[in-house]
$ cat target.json   # JSON, C-alpha atoms
[["chain", "number", "residue", "atom", "x", "y", "z"],
["A", 1, "MET", "CA", 117.07, 60.61, 67.59],
["A", 2, "LEU", "CA", 117.31, 64.13, 69.05],
["A", 3, "VAL", "CA", 114.53, 65.31, 66.74],
["A", 4, "ILE", "CA", 112.27, 62.60, 68.21],
["A", 5, "LEU", "CA", 113.28, 63.07, 71.88],
["A", 6, "ILE", "CA", 112.68, 66.85, 72.06],
["A", 7, "PRO", "CA", 108.98, 66.71, 70.96],
["A", 8, "PHE", "CA", 108.53, 63.62, 73.16],
["A", 9, "PHE", "CA", 109.73, 65.38, 76.33],
["A", 10, "ILE", "CA", 107.72, 68.51, 75.50],
["A", 11, "LEU", "CA", 104.50, 66.54, 75.00],
["A", 12, "PHE", "CA", 105.26, 64.35, 78.03],
["A", 13, "GLY", "CA", 105.76, 67.44, 80.22],
["A", 14, "ILE", "CA", 102.50, 69.01, 79.02],
["A", 15, "GLY", "CA", 100.58, 65.79, 79.64],
["A", 16, "LEU", "CA", 102.15, 65.36, 83.10],
["A", 17, "TYR", "CA", 101.18, 68.94, 83.98],
["A", 18, "PHE", "CA", 97.52, 68.38, 83.05],
["A", 19, "VAL", "CA", 97.40, 65.10, 85.02],
["A", 20, "LEU", "CA", 98.94, 66.70, 88.15],
["A", 21, "ALA", "CA", 96.70, 69.76, 87.78],
["A", 22, "ASP", "CA", 93.65, 67.51, 87.83],
["A", 23, "VAL", "CA", 94.90, 65.43, 90.76],
["A", 24, "LEU", "CA", 95.98, 68.45, 92.87],
["A", 25, "LYS", "CA", 92.84, 70.47, 91.94],
["A", 26, "ILE", "CA", 94.86, 73.37, 90.52],
["A", 27, "PRO", "CA", 92.50, 76.06, 89.11],
["A", 28, "THR", "CA", 92.60, 76.77, 85.42],
["A", 29, "LEU", "CA", 94.01, 79.97, 83.95],
["A", 30, "ALA", "CA", 90.50, 81.24, 83.13],
["A", 31, "THR", "CA", 89.40, 80.65, 86.73],
["A", 32, "THR", "CA", 92.40, 82.55, 88.08],
["A", 33, "LYS", "CA", 91.66, 85.45, 85.72],
["A", 34, "ALA", "CA", 88.07, 85.54, 86.96],
["A", 35, "VAL", "CA", 89.26, 85.67, 90.60],
["A", 36, "ILE", "CA", 91.61, 88.57, 89.82],
["A", 37, "ALA", "CA", 88.82, 90.43, 88.02],
["A", 38, "VAL", "CA", 86.55, 90.03, 91.05],
["A", 39, "THR", "CA", 89.20, 91.20, 93.53],
["A", 40, "ARG", "CA", 89.91, 94.31, 91.47],
["A", 41, "ARG", "CA", 87.87, 97.44, 92.04],
["A", 42, "GLU", "CA", 88.34, 98.71, 88.49],
["A", 43, "LYS", "CA", 86.83, 96.66, 85.67],
["A", 44, "LYS", "CA", 89.93, 95.69, 83.75],
["A", 45, "GLN", "CA", 90.68, 92.48, 81.92],
["A", 46, "ALA", "CA", 93.25, 90.37, 83.73],
["A", 47, "LYS", "CA", 96.28, 89.24, 81.71],
["A", 48, "SER", "CA", 97.57, 85.67, 81.57],
["A", 49, "PHE", "CA", 100.90, 86.70, 83.11],
["A", 50, "GLU", "CA", 99.12, 88.33, 86.05],
["A", 51, "ALA", "CA", 97.02, 85.21, 86.52],
["A", 52, "ILE", "CA", 100.16, 83.06, 86.70],
["A", 53, "ILE", "CA", 101.75, 85.44, 89.24],
["A", 54, "PHE", "CA", 98.56, 85.44, 91.31],
["A", 55, "ASP", "CA", 98.43, 81.64, 91.25],
["A", 56, "LEU", "CA", 102.04, 81.37, 92.42],
["A", 57, "ALA", "CA", 101.44, 84.04, 95.09],
["A", 58, "VAL", "CA", 98.47, 82.13, 96.53],
["A", 59, "LYS", "CA", 100.61, 78.98, 96.86],
["A", 60, "LEU", "CA", 103.52, 80.89, 98.41],
["A", 61, "SER", "CA", 101.25, 82.76, 100.85],
["A", 62, "MET", "CA", 100.65, 79.54, 102.79],
["A", 63, "TYR", "CA", 104.27, 79.66, 103.98],
["A", 64, "ILE", "CA", 104.29, 83.36, 104.99],
["A", 65, "LYS", "CA", 103.73, 84.07, 108.67],
["A", 66, "MET", "CA", 103.01, 87.51, 110.18],
["A", 67, "ASN", "CA", 102.51, 88.74, 113.71],
["A", 68, "ASP", "CA", 99.09, 90.09, 114.66],
["A", 69, "TYR", "CA", 100.10, 93.78, 114.73],
["A", 70, "LYS", "CA", 101.73, 93.73, 111.29],
["A", 71, "LYS", "CA", 98.83, 91.75, 109.85],
["A", 72, "ARG", "CA", 96.21, 94.17, 111.23],
["A", 73, "LYS", "CA", 98.16, 97.19, 109.99],
["A", 74, "MET", "CA", 98.62, 95.76, 106.48],
["A", 75, "THR", "CA", 94.97, 94.66, 106.33],
["A", 76, "SER", "CA", 93.88, 98.21, 107.13],
["A", 77, "THR", "CA", 96.27, 99.63, 104.51],
["A", 78, "LEU", "CA", 95.08, 97.21, 101.81],
["A", 79, "LYS", "CA", 91.47, 98.00, 102.62],
["A", 80, "SER", "CA", 92.12, 101.75, 102.33],
["A", 81, "ALA", "CA", 93.91, 101.17, 99.02],
["A", 82, "ASP", "CA", 90.95, 99.11, 97.67],
["A", 83, "ILE", "CA", 93.15, 96.03, 97.25],
["A", 84, "ASN", "CA", 91.07, 92.95, 98.03],
["A", 85, "LEU", "CA", 93.95, 90.66, 98.95],
["A", 86, "SER", "CA", 95.08, 89.21, 102.25],
["A", 87, "PRO", "CA", 98.40, 90.52, 103.66],
["A", 88, "GLU", "CA", 100.05, 87.15, 103.02],
["A", 89, "VAL", "CA", 98.98, 87.01, 99.36],
["A", 90, "PHE", "CA", 99.97, 90.66, 98.81],
["A", 91, "THR", "CA", 103.45, 90.02, 100.28],
["A", 92, "ALA", "CA", 103.80, 86.79, 98.32],
["A", 93, "LYS", "CA", 102.89, 88.60, 95.11],
["A", 94, "ALA", "CA", 105.76, 91.04, 95.63],
["A", 95, "ILE", "CA", 108.14, 88.13, 96.34],
["A", 96, "VAL", "CA", 107.01, 86.25, 93.22],
["A", 97, "LYS", "CA", 107.54, 89.24, 90.91],
["A", 98, "ALA", "CA", 110.99, 89.87, 92.38],
["A", 99, "GLY", "CA", 111.79, 86.16, 92.19],
["A", 100, "LEU", "CA", 110.91, 85.95, 88.50],
["A", 101, "ILE", "CA", 113.30, 88.79, 87.73],
["A", 102, "LEU", "CA", 115.95, 87.24, 89.97],
["A", 103, "ALA", "CA", 115.56, 83.96, 88.07],
["A", 104, "LEU", "CA", 116.81, 85.74, 84.95],
["A", 105, "ALA", "CA", 120.13, 86.26, 86.73],
["A", 106, "ILE", "CA", 120.84, 82.50, 86.65],
["A", 107, "PRO", "CA", 121.27, 82.14, 82.85],
["A", 108, "CYS", "CA", 122.88, 85.57, 82.81],
["A", 109, "LEU", "CA", 125.42, 84.32, 85.39],
["A", 110, "LEU", "CA", 126.43, 81.56, 82.99],
["A", 111, "LEU", "CA", 126.42, 83.59, 79.78],
["A", 112, "ILE", "CA", 127.16, 87.24, 80.71],
["A", 113, "PRO", "CA", 128.22, 87.37, 84.40],
["A", 114, "ILE", "CA", 128.83, 91.11, 84.32],
["A", 115, "LEU", "CA", 125.07, 91.77, 83.89],
["A", 116, "THR", "CA", 124.06, 89.65, 86.90],
["A", 117, "PRO", "CA", 124.16, 92.54, 89.45],
["A", 118, "ILE", "CA", 121.71, 94.48, 87.24],
["A", 119, "PHE", "CA", 119.05, 91.76, 87.56],
["A", 120, "ILE", "CA", 119.67, 91.48, 91.31],
["A", 121, "CYS", "CA", 119.19, 95.25, 91.76],
["A", 122, "MET", "CA", 116.08, 95.16, 89.56],
["A", 123, "ALA", "CA", 114.62, 92.32, 91.66],
["A", 124, "ILE", "CA", 115.21, 94.26, 94.91],
["A", 125, "ALA", "CA", 113.70, 97.44, 93.42],
["A", 126, "VAL", "CA", 110.63, 95.57, 92.11],
["A", 127, "PHE", "CA", 110.06, 93.91, 95.50],
["A", 128, "PHE", "CA", 110.09, 97.18, 97.43],
["A", 129, "LYS", "CA", 107.98, 98.92, 94.78],
["A", 130, "GLU", "CA", 105.32, 96.19, 94.89],
["A", 131, "TYR", "CA", 105.46, 95.85, 98.67],
["A", 132, "ASN", "CA", 105.02, 99.61, 99.18],
["A", 133, "SER", "CA", 102.45, 100.06, 96.39],
["A", 134, "ALA", "CA", 99.52, 99.96, 98.84],
["A", 135, "ASP", "CA", 101.15, 102.61, 101.05],
["A", 136, "GLU", "CA", 101.72, 104.76, 97.97],
["A", 137, "VAL", "CA", 98.05, 104.50, 96.96],
["A", 138, "VAL", "CA", 96.95, 105.47, 100.48],
["A", 139, "ARG", "CA", 99.42, 108.37, 100.52],
["A", 140, "LYS", "CA", 98.08, 109.78, 97.25],
["A", 141, "LYS", "CA", 94.50, 109.35, 98.47],
["A", 142, "ARG", "CA", 95.35, 111.10, 101.75],
["A", 143, "GLU", "CA", 96.97, 114.01, 99.89],
["A", 144, "ALA", "CA", 93.92, 114.33, 97.62],
["A", 145, "ILE", "CA", 91.59, 114.40, 100.64],
["A", 146, "GLU", "CA", 93.77, 116.91, 102.51],
["A", 147, "THR", "CA", 93.74, 119.17, 99.44],
["A", 148, "GLU", "CA", 89.92, 119.17, 99.51],
["A", 149, "LEU", "CA", 89.58, 119.55, 103.29],
["A", 150, "PRO", "CA", 89.52, 123.42, 103.30],
["A", 151, "ARG", "CA", 86.45, 123.41, 101.03],
["A", 152, "PHE", "CA", 84.89, 120.59, 103.06],
["A", 153, "VAL", "CA", 85.40, 122.46, 106.35],
["A", 154, "ASN", "CA", 83.96, 125.67, 104.89],
["A", 155, "THR", "CA", 80.89, 123.70, 103.83],
["A", 156, "LEU", "CA", 80.57, 122.21, 107.32],
["A", 157, "THR", "CA", 80.78, 125.69, 108.84],
["A", 158, "GLN", "CA", 77.90, 126.94, 106.71],
["A", 159, "GLU", "CA", 75.76, 123.80, 107.03],
["A", 160, "LEU", "CA", 76.06, 123.64, 110.83],
["A", 161, "LYS", "CA", 74.39, 127.03, 111.08],
["A", 162, "ALA", "CA", 71.21, 125.48, 109.69],
["A", 163, "SER", "CA", 71.39, 121.79, 110.64],
["A", 164, "ARG", "CA", 73.13, 119.50, 113.15],
["A", 165, "ASP", "CA", 72.51, 116.33, 111.12],
["A", 166, "ILE", "CA", 76.04, 115.19, 110.18],
["A", 167, "LEU", "CA", 74.75, 112.27, 108.10],
["A", 168, "SER", "CA", 72.61, 114.56, 105.97],
["A", 169, "ILE", "CA", 75.53, 116.98, 105.51],
["A", 170, "PHE", "CA", 77.76, 114.13, 104.36],
["A", 171, "GLU", "CA", 75.15, 112.87, 101.89],
["A", 172, "THR", "CA", 74.75, 116.35, 100.41],
["A", 173, "TYR", "CA", 78.48, 117.04, 100.12],
["A", 174, "GLN", "CA", 79.20, 113.60, 98.71],
["A", 175, "LYS", "CA", 77.51, 114.55, 95.42],
["A", 176, "HIS", "CA", 80.03, 117.34, 94.81],
["A", 177, "ALA", "CA", 83.16, 115.85, 96.44],
["A", 178, "GLY", "CA", 86.32, 114.73, 94.68],
["A", 179, "ASP", "CA", 86.90, 111.08, 93.81],
["A", 180, "ALA", "CA", 89.03, 110.22, 96.86],
["A", 181, "LEU", "CA", 86.83, 111.97, 99.42],
["A", 182, "ARG", "CA", 83.63, 110.72, 97.75],
["A", 183, "THR", "CA", 84.76, 107.11, 98.11],
["A", 184, "GLU", "CA", 85.59, 107.56, 101.79],
["A", 185, "LEU", "CA", 82.33, 109.39, 102.43],
["A", 186, "GLU", "CA", 80.40, 106.54, 100.82],
["A", 187, "ILE", "CA", 82.02, 104.07, 103.22],
["A", 188, "THR", "CA", 81.48, 106.39, 106.20],
["A", 189, "ILE", "CA", 77.82, 107.05, 105.34],
["A", 190, "ALA", "CA", 77.12, 103.31, 105.04],
["A", 191, "ASP", "CA", 78.94, 102.77, 108.33],
["A", 192, "MET", "CA", 76.93, 105.52, 110.03],
["A", 193, "LYS", "CA", 73.63, 104.09, 108.79],
["A", 194, "SER", "CA", 74.46, 100.62, 110.06],
["A", 195, "GLY", "CA", 75.95, 101.54, 113.43],
["A", 196, "SER", "CA", 77.17, 104.29, 115.74],
["A", 197, "HIS", "CA", 77.97, 107.64, 114.13],
["A", 198, "GLU", "CA", 80.96, 108.26, 116.37],
["A", 199, "THR", "CA", 82.41, 104.83, 115.63],
["A", 200, "ALA", "CA", 81.99, 105.43, 111.88],
["A", 201, "LEU", "CA", 83.82, 108.75, 112.12],
["A", 202, "THR", "CA", 86.60, 107.17, 114.17],
["A", 203, "ARG", "CA", 87.03, 104.48, 111.50],
["A", 204, "PHE", "CA", 87.09, 107.18, 108.83],
["A", 205, "GLU", "CA", 89.92, 108.88, 110.71],
["A", 206, "ALA", "CA", 91.83, 105.61, 111.21],
["A", 207, "ARG", "CA", 91.64, 104.62, 107.53],
["A", 208, "MET", "CA", 93.41, 107.77, 106.35],
["A", 209, "GLY", "CA", 95.81, 108.46, 109.21],
["A", 210, "SER", "CA", 95.77, 112.21, 108.51],
["A", 211, "SER", "CA", 96.32, 114.75, 111.31],
["A", 212, "GLN", "CA", 94.21, 117.34, 109.46],
["A", 213, "LEU", "CA", 91.34, 114.90, 109.05],
["A", 214, "SER", "CA", 91.67, 114.02, 112.75],
["A", 215, "ASP", "CA", 90.95, 117.67, 113.63],
["A", 216, "VAL", "CA", 87.83, 117.60, 111.44],
["A", 217, "VAL", "CA", 86.59, 114.32, 112.96],
["A", 218, "ARG", "CA", 87.24, 115.62, 116.47],
["A", 219, "GLY", "CA", 85.06, 118.66, 115.75],
["A", 220, "LEU", "CA", 82.27, 116.52, 114.25],
["A", 221, "ILE", "CA", 82.22, 114.22, 117.28],
["A", 222, "ALA", "CA", 82.02, 117.28, 119.54],
["A", 223, "VAL", "CA", 79.03, 118.55, 117.50],
["A", 224, "MET", "CA", 77.29, 115.19, 117.94],
["A", 225, "ARG", "CA", 77.81, 115.48, 121.68],
["A", 226, "GLY", "CA", 76.08, 118.86, 121.81],
["A", 227, "ASP", "CA", 78.79, 121.48, 121.20],
["A", 228, "ASN", "CA", 78.11, 124.42, 118.91],
["A", 229, "GLY", "CA", 81.13, 123.72, 116.71],
["A", 230, "ILE", "CA", 80.70, 126.69, 114.36],
["A", 231, "VAL", "CA", 83.52, 128.75, 115.87],
["A", 232, "TYR", "CA", 85.76, 125.67, 115.98],
["A", 233, "PHE", "CA", 85.27, 124.97, 112.27],
["A", 234, "GLN", "CA", 85.74, 128.65, 111.39],
["A", 235, "MET", "CA", 89.14, 128.60, 113.12],
["A", 236, "LEU", "CA", 89.95, 125.22, 111.55],
["A", 237, "ALA", "CA", 89.05, 126.55, 108.09],
["A", 238, "HIS", "CA", 91.44, 129.45, 108.62],
["A", 239, "ASP", "CA", 94.26, 127.11, 109.73],
["A", 240, "LEU", "CA", 93.70, 124.75, 106.80],
["A", 241, "LYS", "CA", 93.74, 127.69, 104.40],
["A", 242, "GLN", "CA", 97.11, 128.77, 105.78],
["A", 243, "LEU", "CA", 98.43, 125.23, 105.41],
["A", 244, "GLU", "CA", 97.20, 125.15, 101.83],
["A", 245, "ILE", "CA", 99.01, 128.41, 101.05],
["A", 246, "GLN", "CA", 102.22, 127.05, 102.58],
["A", 247, "LYS", "CA", 101.88, 123.87, 100.54],
["A", 248, "LEU", "CA", 101.44, 125.89, 97.35],
["A", 249, "LYS", "CA", 104.54, 127.93, 98.24],
["A", 250, "MET", "CA", 106.52, 124.73, 98.73],
["A", 251, "ILE", "CA", 105.37, 123.46, 95.33],
["A", 252, "ALA", "CA", 106.37, 126.77, 93.76],
["A", 253, "MET", "CA", 109.81, 126.60, 95.40],
["A", 254, "LYS", "CA", 110.36, 123.16, 93.85],
["A", 255, "ARG", "CA", 109.84, 124.64, 90.37],
["A", 256, "PRO", "CA", 112.05, 127.74, 90.37],
["A", 257, "GLY", "CA", 112.99, 127.41, 86.71],
["A", 258, "LYS", "CA", 109.41, 127.56, 85.47],
["A", 259, "ILE", "CA", 108.49, 130.37, 87.85],
["A", 260, "LYS", "CA", 111.53, 132.44, 86.82],
["A", 261, "LYS", "CA", 110.77, 131.87, 83.14],
["A", 262, "TYR", "CA", 107.22, 133.18, 83.42],
["A", 263, "SER", "CA", 108.30, 136.00, 85.72],
["A", 264, "PHE", "CA", 110.81, 137.06, 83.06],
["A", 265, "TYR", "CA", 108.06, 137.02, 80.42],
["A", 266, "MET", "CA", 105.87, 139.22, 82.64],
["A", 267, "LEU", "CA", 108.76, 141.64, 83.21],
["A", 268, "MET", "CA", 109.35, 141.91, 79.45],
["A", 269, "CYS", "CA", 105.64, 142.60, 78.88],
["A", 270, "PHE", "CA", 105.65, 145.39, 81.48],
["A", 271, "LEU", "CA", 108.81, 146.91, 79.97],
["A", 272, "ALA", "CA", 107.37, 146.71, 76.46],
["A", 273, "MET", "CA", 104.19, 148.41, 77.65],
["A", 274, "TYR", "CA", 106.07, 151.29, 79.31],
["A", 275, "LEU", "CA", 108.53, 151.65, 76.43],
["A", 276, "ALA", "CA", 105.66, 151.81, 73.95],
["A", 277, "ILE", "CA", 104.01, 154.63, 75.93],
["A", 278, "ILE", "CA", 107.30, 156.51, 76.25],
["A", 279, "GLY", "CA", 107.98, 156.03, 72.54],
["A", 280, "VAL", "CA", 104.56, 157.41, 71.58],
["A", 281, "GLU", "CA", 105.06, 160.45, 73.83],
["A", 282, "ILE", "CA", 108.54, 161.11, 72.40],
["A", 283, "MET", "CA", 107.25, 160.93, 68.83],
["A", 284, "ALA", "CA", 104.44, 163.32, 69.75],
["A", 285, "ALA", "CA", 106.96, 165.71, 71.30],
["A", 286, "PHE", "CA", 109.13, 165.63, 68.17],
["A", 287, "GLY", "CA", 106.07, 166.42, 66.09],
["A", 288, "ASN", "CA", 105.44, 169.60, 68.11],
["A", 289, "LEU", "CA", 109.09, 170.68, 67.82],
["A", 290, "PHE", "CA", 109.10, 170.45, 64.06]]
$ encode --input "target.json" --output "structure tokens"
Amino acid sequence: MLVILIPFFILFGIGLYFVLADVLKIPTLATTKAVIAVTRREKKQAKSFEAIIFDLAVKLSMYIKMNDYKKRKMTSTLKSADINLSPEVFTAKAIVKAGLILALAIPCLLLIPILTPIFICMAIAVFFKEYNSADEVVRKKREAIETELPRFVNTLTQELKASRDILSIFETYQKHAGDALRTELEITIADMKSGSHETALTRFEARMGSSQLSDVVRGLIAVMRGDNGIVYFQMLAHDLKQLEIQKLKMIAMKRPGKIKKYSFYMLMCFLAMYLAIIGVEIMAAFGNLF
């Protein structure tokens, strides 16, 4: 009897799922994969597991409420991180992934209770990692742009001596910019062509939230309003260069073991060089004595 009942309930559950999916207009797995592929910036095939998580997140997002300030802030962050999801769906996706891991704690609680806290800690860690993933992407992009800013400011200083057309300068520099800055310049150029230049620059500054970029944007807006700007950008280039040197020193201080190892190798090379010269001179001196 048990051999008959198990296949019966499995087939009955599958059939009930398909009937309810048709009645409730639930999208198919292939449709969900296509939606994920469209929302992604990179062309990467969506997996079935990701499609299921996305489907659950969309359903859960209907019950998530946010205040206007938090929603606007998260929308701006997701846009800067090139994540084409609403704040509610993004938050729901983090909850779903954490919930799936937390669900594993239920059978573990019955079979091996001592391992239950591990799944709970993993669920909390996964939630915060997924929830802060957009901020992490924006942070890395901001650091990449700030690393390139000294070269960008030097270029602005030289270009402003010949032209005051900020849009043309951006279009020229965009061809040689790094990936992060090139993407932001593409958005800013399109924004400048379709509207006010000052508004486009202000949006560029707001997307990144970088104090160094704010100084650059402030100088560019002043140039558009008629200021010379060359001396300002020369001083700014000097300040950014000093900040870059300090940043490199901080990175070097975080790796003392590697620095000491290579410094020791250099010291040994210098000693070997001097000892070789001294040895040659001593052997020549002994040759004259005998």
$ atom_distance --input "target.json" --atom1 "CA of Thr147 (chain A)" --atom2 "CA of Glu244 (chain A)"
7.3 Å
$ closest_atom_pairs --input "target.json" --of "region 88-139 of chain A" --to "region 157-181 of chain A" --cutoff "12 Å" --atoms "all atoms listed in the file" --output "tab-separated table"
residue	atom	partner	partner_atom	distance
A:Val137	CA	A:Ala180	CA	10.7
A:Val138	CA	A:Ala180	CA	9.9
A:Arg139	CA	A:Ala180	CA	11.2
$ write_last_selection --input "target.json" --atoms "C-alpha atoms" --output "PDB file, in the coordinates of the input"
ATOM      1  CA  VAL A 137      98.050 104.500  96.960  1.00  0.00           C
ATOM      2  CA  VAL A 138      96.950 105.470 100.480  1.00  0.00           C
ATOM      3  CA  ARG A 139      99.420 108.370 100.520  1.00  0.00           C
TER       4      ARG A 139
END
$ atom_distance --input "target.json" --atom1 "CA of Glu205 (chain A)" --atom2 "CA of Val217 (chain A)"
6.8 Å
$ residues_around --input "target.json" --residues "region 229-240 of chain A" --least-positions-apart "4" --cutoff "10 Å" --atoms "only C-alpha atoms" --output "number ranges by chain"
A: 146-161, 164, 212, 215-216, 219-224, 244-246
$ residues_near_point --input "target.json" --point "(100.9, 100.1, 98.0)" --cutoff "12 Å" --atoms "only C-alpha atoms" --output "number ranges by chain"
A: 74-83, 85, 87, 90-91, 94, 127-141
$ write_last_selection --input "target.json" --atoms "C-alpha atoms" --output "compact mmCIF listing (two decimals), keeping the file's coordinate frame"
# COMPACT_ATOMS: atom_id res chain seq x y z
CA MET A 74 98.62 95.76 106.48
CA THR A 75 94.97 94.66 106.33
CA SER A 76 93.88 98.21 107.13
CA THR A 77 96.27 99.63 104.51
CA LEU A 78 95.08 97.21 101.81
CA LYS A 79 91.47 98.00 102.62
CA SER A 80 92.12 101.75 102.33
CA ALA A 81 93.91 101.17 99.02
CA ASP A 82 90.95 99.11 97.67
CA ILE A 83 93.15 96.03 97.25
CA LEU A 85 93.95 90.66 98.95
CA PRO A 87 98.40 90.52 103.66
CA PHE A 90 99.97 90.66 98.81
CA THR A 91 103.45 90.02 100.28
CA ALA A 94 105.76 91.04 95.63
CA PHE A 127 110.06 93.91 95.50
CA PHE A 128 110.09 97.18 97.43
CA LYS A 129 107.98 98.92 94.78
CA GLU A 130 105.32 96.19 94.89
CA TYR A 131 105.46 95.85 98.67
CA ASN A 132 105.02 99.61 99.18
CA SER A 133 102.45 100.06 96.39
CA ALA A 134 99.52 99.96 98.84
CA ASP A 135 101.15 102.61 101.05
CA GLU A 136 101.72 104.76 97.97
CA VAL A 137 98.05 104.50 96.96
CA VAL A 138 96.95 105.47 100.48
CA ARG A 139 99.42 108.37 100.52
CA LYS A 140 98.08 109.78 97.25
CA LYS A 141 94.50 109.35 98.47
$ atom_distance --input "target.json" --atom1 "CA of Lys65 (chain A)" --atom2 "CA of Ser86 (chain A)"
11.9 Å
$ residues_near_point --input "target.json" --point "(115.3, 96.2, 90.7)" --cutoff "12 Å" --atoms "all atoms listed in the file" --output "PDB file with C-alpha atoms, in the frame of the given file"
ATOM      1  CA  ALA A  94     105.760  91.040  95.630  1.00  0.00           C
ATOM      2  CA  LYS A  97     107.540  89.240  90.910  1.00  0.00           C
ATOM      3  CA  ALA A  98     110.990  89.870  92.380  1.00  0.00           C
ATOM      4  CA  GLY A  99     111.790  86.160  92.190  1.00  0.00           C
ATOM      5  CA  LEU A 100     110.910  85.950  88.500  1.00  0.00           C
ATOM      6  CA  ILE A 101     113.300  88.790  87.730  1.00  0.00           C
ATOM      7  CA  LEU A 102     115.950  87.240  89.970  1.00  0.00           C
ATOM      8  CA  ALA A 105     120.130  86.260  86.730  1.00  0.00           C
ATOM      9  CA  THR A 116     124.060  89.650  86.900  1.00  0.00           C
ATOM     10  CA  PRO A 117     124.160  92.540  89.450  1.00  0.00           C
ATOM     11  CA  ILE A 118     121.710  94.480  87.240  1.00  0.00           C
ATOM     12  CA  PHE A 119     119.050  91.760  87.560  1.00  0.00           C
ATOM     13  CA  ILE A 120     119.670  91.480  91.310  1.00  0.00           C
ATOM     14  CA  CYS A 121     119.190  95.250  91.760  1.00  0.00           C
ATOM     15  CA  MET A 122     116.080  95.160  89.560  1.00  0.00           C
ATOM     16  CA  ALA A 123     114.620  92.320  91.660  1.00  0.00           C
ATOM     17  CA  ILE A 124     115.210  94.260  94.910  1.00  0.00           C
ATOM     18  CA  ALA A 125     113.700  97.440  93.420  1.00  0.00           C
ATOM     19  CA  VAL A 126     110.630  95.570  92.110  1.00  0.00           C
ATOM     20  CA  PHE A 127     110.060  93.910  95.500  1.00  0.00           C
ATOM     21  CA  PHE A 128     110.090  97.180  97.430  1.00  0.00           C
ATOM     22  CA  LYS A 129     107.980  98.920  94.780  1.00  0.00           C
ATOM     23  CA  GLU A 130     105.320  96.190  94.890  1.00  0.00           C
TER      24      GLU A 130
END
